[in-house]
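Here the structure is laid out as C-alpha cells; the discussion comes afterwards.
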Amino acid sequence: MRINTNVGALTASKNAFVNNMATENSMRKLSSGLRISRAADDAAGLSVANKLRAQHRGLSAAAANAEQGNALLGIAEGAAQTIERIIERQKELLVQAASGQNSTVSSTLTTEVSTLNSEISRIASAAKYQGVAVFGTHSFAVDEDGGTFSVAATYSAPGSAPTTSTGADTNLDAINTTLAAIGAGQNRLDYTVQNLKSAVVNVKAAESTIRDVDMAEEMANFTKNNILTQAAQAMLAQANQGSQSVLNILR
C-alpha cells in the first residue's frame, strides 16, 4: 500500500474535473438556448451559422426594400388615378364647350379646363416619397447580393391645357401608360416580397438547426454529467479515506 501517490484519488479528481466541465457546458447551453454558445463548441458550425445569419439579414433588408418600393408605387398610383380623373373631367368640359348651345359659357368651361391642367402639373410635381419624386424611373435592390430591377413610372404633365376632346384623349393615353407601368411594378414587387419572406424563413430554419440547442437532448446530457460529477466526488472521498487504512498497519 502506498501513501505518497494516491492514484485512485488522482483518477477520481481528474474525472470529477472532466464531468464538472461537461456539466457547466450543458448549463451554459441550456441557459442560452444555443448549441454553439462559444466558438469552441463547434468552430466549423459557427462559421456556417454566421453566414446563414448574414444571409438572413440581407434577405430581410431586401424584403424591406421591396415593401418600401411598393409603398412608393402606391403613392404614384394614387396621384396618377387623381390625374386620370381630372383628364376625364377635362374631356367632359371640352365636349360641352364644343356644342353650339353652350357657346355663351364656352369661356367658363375652357377656363376650368385650364385650371385643372394647372392642378395636374401641381400633383405630378408634389407627389413624393421621402422627398423623392414618385414619377420617374426607380431602381429597387431586392436580393441579398444587391441585385436590382427598375420600374419606369414616368409621367410628364401636359405643358398646356387640351383644347379639344382628342387632345384630352392623348393626355389620357399618357397617364394610362404610366398606370400600366406602376401596376406591373407593383405585381412584380408583390411576388418578390413573397419569395423573399419565404427565403427568410427557410434560411432562419437552417441556421437554427446549427446554432440552437435541442433542449431535451441537452437536459439529458446535463443530468448524466451532473450524476457523474457527484459520483466522481464520492469516489474521491473514498480514495482519500482508503489511504488512512495504512494507519491500521502502523498500530
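Chain labels A, B, ... are given in the sequence in which chains occur in the C-alpha cells; within each chain residues are numbered consecutively from 1, and ligands are likewise numbered from 1 in the order shown.
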Can you list, as JSON, numbers by chain, every protein, DNA or RNA residue that comes within 12 Å of A:Asp173 when you count only C-alpha atoms, leaving out same-chain residues fewer than 4 positions away? {"A": [80, 83, 84, 87, 88, 155, 158, 166, 167, 168, 169, 177, 178, 179, 180]}
Save out the residues we just selected, N, CA and C atoms, as a PDB file, in the first residue's frame.
ATOM      1  N   ALA A  80     -51.579  59.257 -59.892  1.00  0.00           N
ATOM      2  CA  ALA A  80     -51.927  59.020 -61.293  1.00  0.00           C
ATOM      3  C   ALA A  80     -53.431  58.843 -61.471  1.00  0.00           C
ATOM      4  N   ILE A  83     -55.003  62.230 -61.361  1.00  0.00           N
ATOM      5  CA  ILE A  83     -54.765  62.918 -62.630  1.00  0.00           C
ATOM      6  C   ILE A  83     -55.681  62.356 -63.716  1.00  0.00           C
ATOM      7  N   GLU A  84     -55.849  61.043 -63.720  1.00  0.00           N
ATOM      8  CA  GLU A  84     -56.711  60.417 -64.732  1.00  0.00           C
ATOM      9  C   GLU A  84     -58.147  60.921 -64.614  1.00  0.00           C
ATOM     10  N   ILE A  87     -58.368  64.436 -66.035  1.00  0.00           N
ATOM     11  CA  ILE A  87     -58.394  64.441 -67.504  1.00  0.00           C
ATOM     12  C   ILE A  87     -59.775  64.034 -68.015  1.00  0.00           C
ATOM     13  N   GLU A  88     -60.389  63.089 -67.335  1.00  0.00           N
ATOM     14  CA  GLU A  88     -61.768  62.723 -67.706  1.00  0.00           C
ATOM     15  C   GLU A  88     -62.693  63.943 -67.610  1.00  0.00           C
ATOM     16  N   TYR A 155     -43.947  60.078 -65.884  1.00  0.00           N
ATOM     17  CA  TYR A 155     -45.103  60.842 -66.357  1.00  0.00           C
ATOM     18  C   TYR A 155     -44.713  62.311 -66.436  1.00  0.00           C
ATOM     19  N   PRO A 158     -48.902  67.636 -69.045  1.00  0.00           N
ATOM     20  CA  PRO A 158     -49.003  68.398 -70.299  1.00  0.00           C
ATOM     21  C   PRO A 158     -48.660  69.864 -70.063  1.00  0.00           C
ATOM     22  N   THR A 166     -60.051  65.347 -78.465  1.00  0.00           N
ATOM     23  CA  THR A 166     -58.965  64.486 -78.930  1.00  0.00           C
ATOM     24  C   THR A 166     -57.686  64.735 -78.136  1.00  0.00           C
ATOM     25  N   GLY A 167     -57.427  66.014 -77.826  1.00  0.00           N
ATOM     26  CA  GLY A 167     -56.258  66.354 -77.010  1.00  0.00           C
ATOM     27  C   GLY A 167     -56.344  65.751 -75.625  1.00  0.00           C
ATOM     28  N   ALA A 168     -57.566  65.744 -75.064  1.00  0.00           N
ATOM     29  CA  ALA A 168     -57.762  65.118 -73.760  1.00  0.00           C
ATOM     30  C   ALA A 168     -57.524  63.618 -73.840  1.00  0.00           C
ATOM     31  N   ASP A 169     -57.934  63.015 -74.949  1.00  0.00           N
ATOM     32  CA  ASP A 169     -57.709  61.580 -75.129  1.00  0.00           C
ATOM     33  C   ASP A 169     -56.216  61.264 -75.166  1.00  0.00           C
ATOM     34  N   THR A 177     -50.700  54.887 -69.622  1.00  0.00           N
ATOM     35  CA  THR A 177     -49.416  54.197 -69.815  1.00  0.00           C
ATOM     36  C   THR A 177     -48.624  54.173 -68.515  1.00  0.00           C
ATOM     37  N   THR A 178     -48.645  55.300 -67.805  1.00  0.00           N
ATOM     38  CA  THR A 178     -47.967  55.376 -66.503  1.00  0.00           C
ATOM     39  C   THR A 178     -48.593  54.417 -65.508  1.00  0.00           C
ATOM     40  N   LEU A 179     -49.925  54.386 -65.470  1.00  0.00           N
ATOM     41  CA  LEU A 179     -50.625  53.482 -64.554  1.00  0.00           C
ATOM     42  C   LEU A 179     -50.302  52.021 -64.860  1.00  0.00           C
ATOM     43  N   ALA A 180     -50.183  51.690 -66.127  1.00  0.00           N
ATOM     44  CA  ALA A 180     -49.850  50.316 -66.508  1.00  0.00           C
ATOM     45  C   ALA A 180     -48.459  49.934 -66.007  1.00  0.00           C
TER      46      ALA A 180
END
Would you kindly return, as a ChimeraX atom specification, each protein, DNA or RNA residue with an atom no farther than 10 Å from any atom of A:Ile210, considering only C-alpha atoms and excluding same-chain residues fewer than 6 positions away? /A:34-36,42,45-46,48-50,52
Taking only C-alpha atoms into account, name the residue in A:Ala220, A:Ile86, A:Glu67, A:Lys197 that is nearest to A:Ser118.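 Of A:Ala220, A:Ile86, A:Glu67, A:Lys197, the one nearest A:Ser118 is A:Ile86, counting only C-alpha atoms.
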Need to verify the contact set: A:Ala239, 8 Å, only C-alpha atoms, exclusion of same-chain residues closer than 2 positions in sequence. Can you return it as an mmCIF file with N, CA and C atoms, in the first residue's frame?
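Result file is selection.cif:
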data_model
loop_
_atom_site.group_PDB
_atom_site.id
_atom_site.type_symbol
_atom_site.label_atom_id
_atom_site.label_comp_id
_atom_site.auth_asym_id
_atom_site.auth_seq_id
_atom_site.Cartn_x
_atom_site.Cartn_y
_atom_site.Cartn_z
ATOM 1 N N ASN A 6 -1.462 8.760 -4.381
ATOM 2 C CA ASN A 6 -2.799 8.165 -4.307
ATOM 3 C C ASN A 6 -3.405 8.178 -5.708
ATOM 4 N N GLY A 8 -5.745 6.402 -7.070
ATOM 5 C CA GLY A 8 -7.209 6.383 -7.095
ATOM 6 C C GLY A 8 -7.805 7.765 -6.910
ATOM 7 N N ALA A 9 -7.217 8.509 -5.947
ATOM 8 C CA ALA A 9 -7.714 9.870 -5.702
ATOM 9 C C ALA A 9 -7.448 10.772 -6.891
ATOM 10 N N ALA A 12 -9.945 9.874 -9.632
ATOM 11 C CA ALA A 12 -11.273 10.386 -9.290
ATOM 12 C C ALA A 12 -11.333 11.899 -9.441
ATOM 13 N N MET A 235 -16.277 9.139 -5.095
ATOM 14 C CA MET A 235 -15.137 8.231 -5.209
ATOM 15 C C MET A 235 -13.845 8.891 -4.757
ATOM 16 N N LEU A 236 -13.754 10.208 -4.969
ATOM 17 C CA LEU A 236 -12.573 10.925 -4.487
ATOM 18 C C LEU A 236 -12.512 10.863 -2.963
ATOM 19 N N ALA A 237 -13.648 11.015 -2.341
ATOM 20 C CA ALA A 237 -13.703 10.910 -0.877
ATOM 21 C C ALA A 237 -13.321 9.511 -0.416
ATOM 22 N N GLN A 241 -10.099 8.384 1.813
ATOM 23 C CA GLN A 241 -10.325 7.642 3.052
ATOM 24 C C GLN A 241 -9.543 6.330 3.052
ATOM 25 N N GLY A 242 -9.404 5.725 1.841
ATOM 26 C CA GLY A 242 -8.684 4.457 1.743
ATOM 27 C C GLY A 242 -7.237 4.584 2.193
ATOM 28 N N SER A 243 -6.605 5.726 1.953
ATOM 29 C CA SER A 243 -5.202 5.915 2.352
ATOM 30 C C SER A 243 -5.038 5.862 3.867
#
Could you state the separation of atom CA of A:Arg53 and atom CA of A:Ala199 in Å, given to one decimal place? 12.2 Å
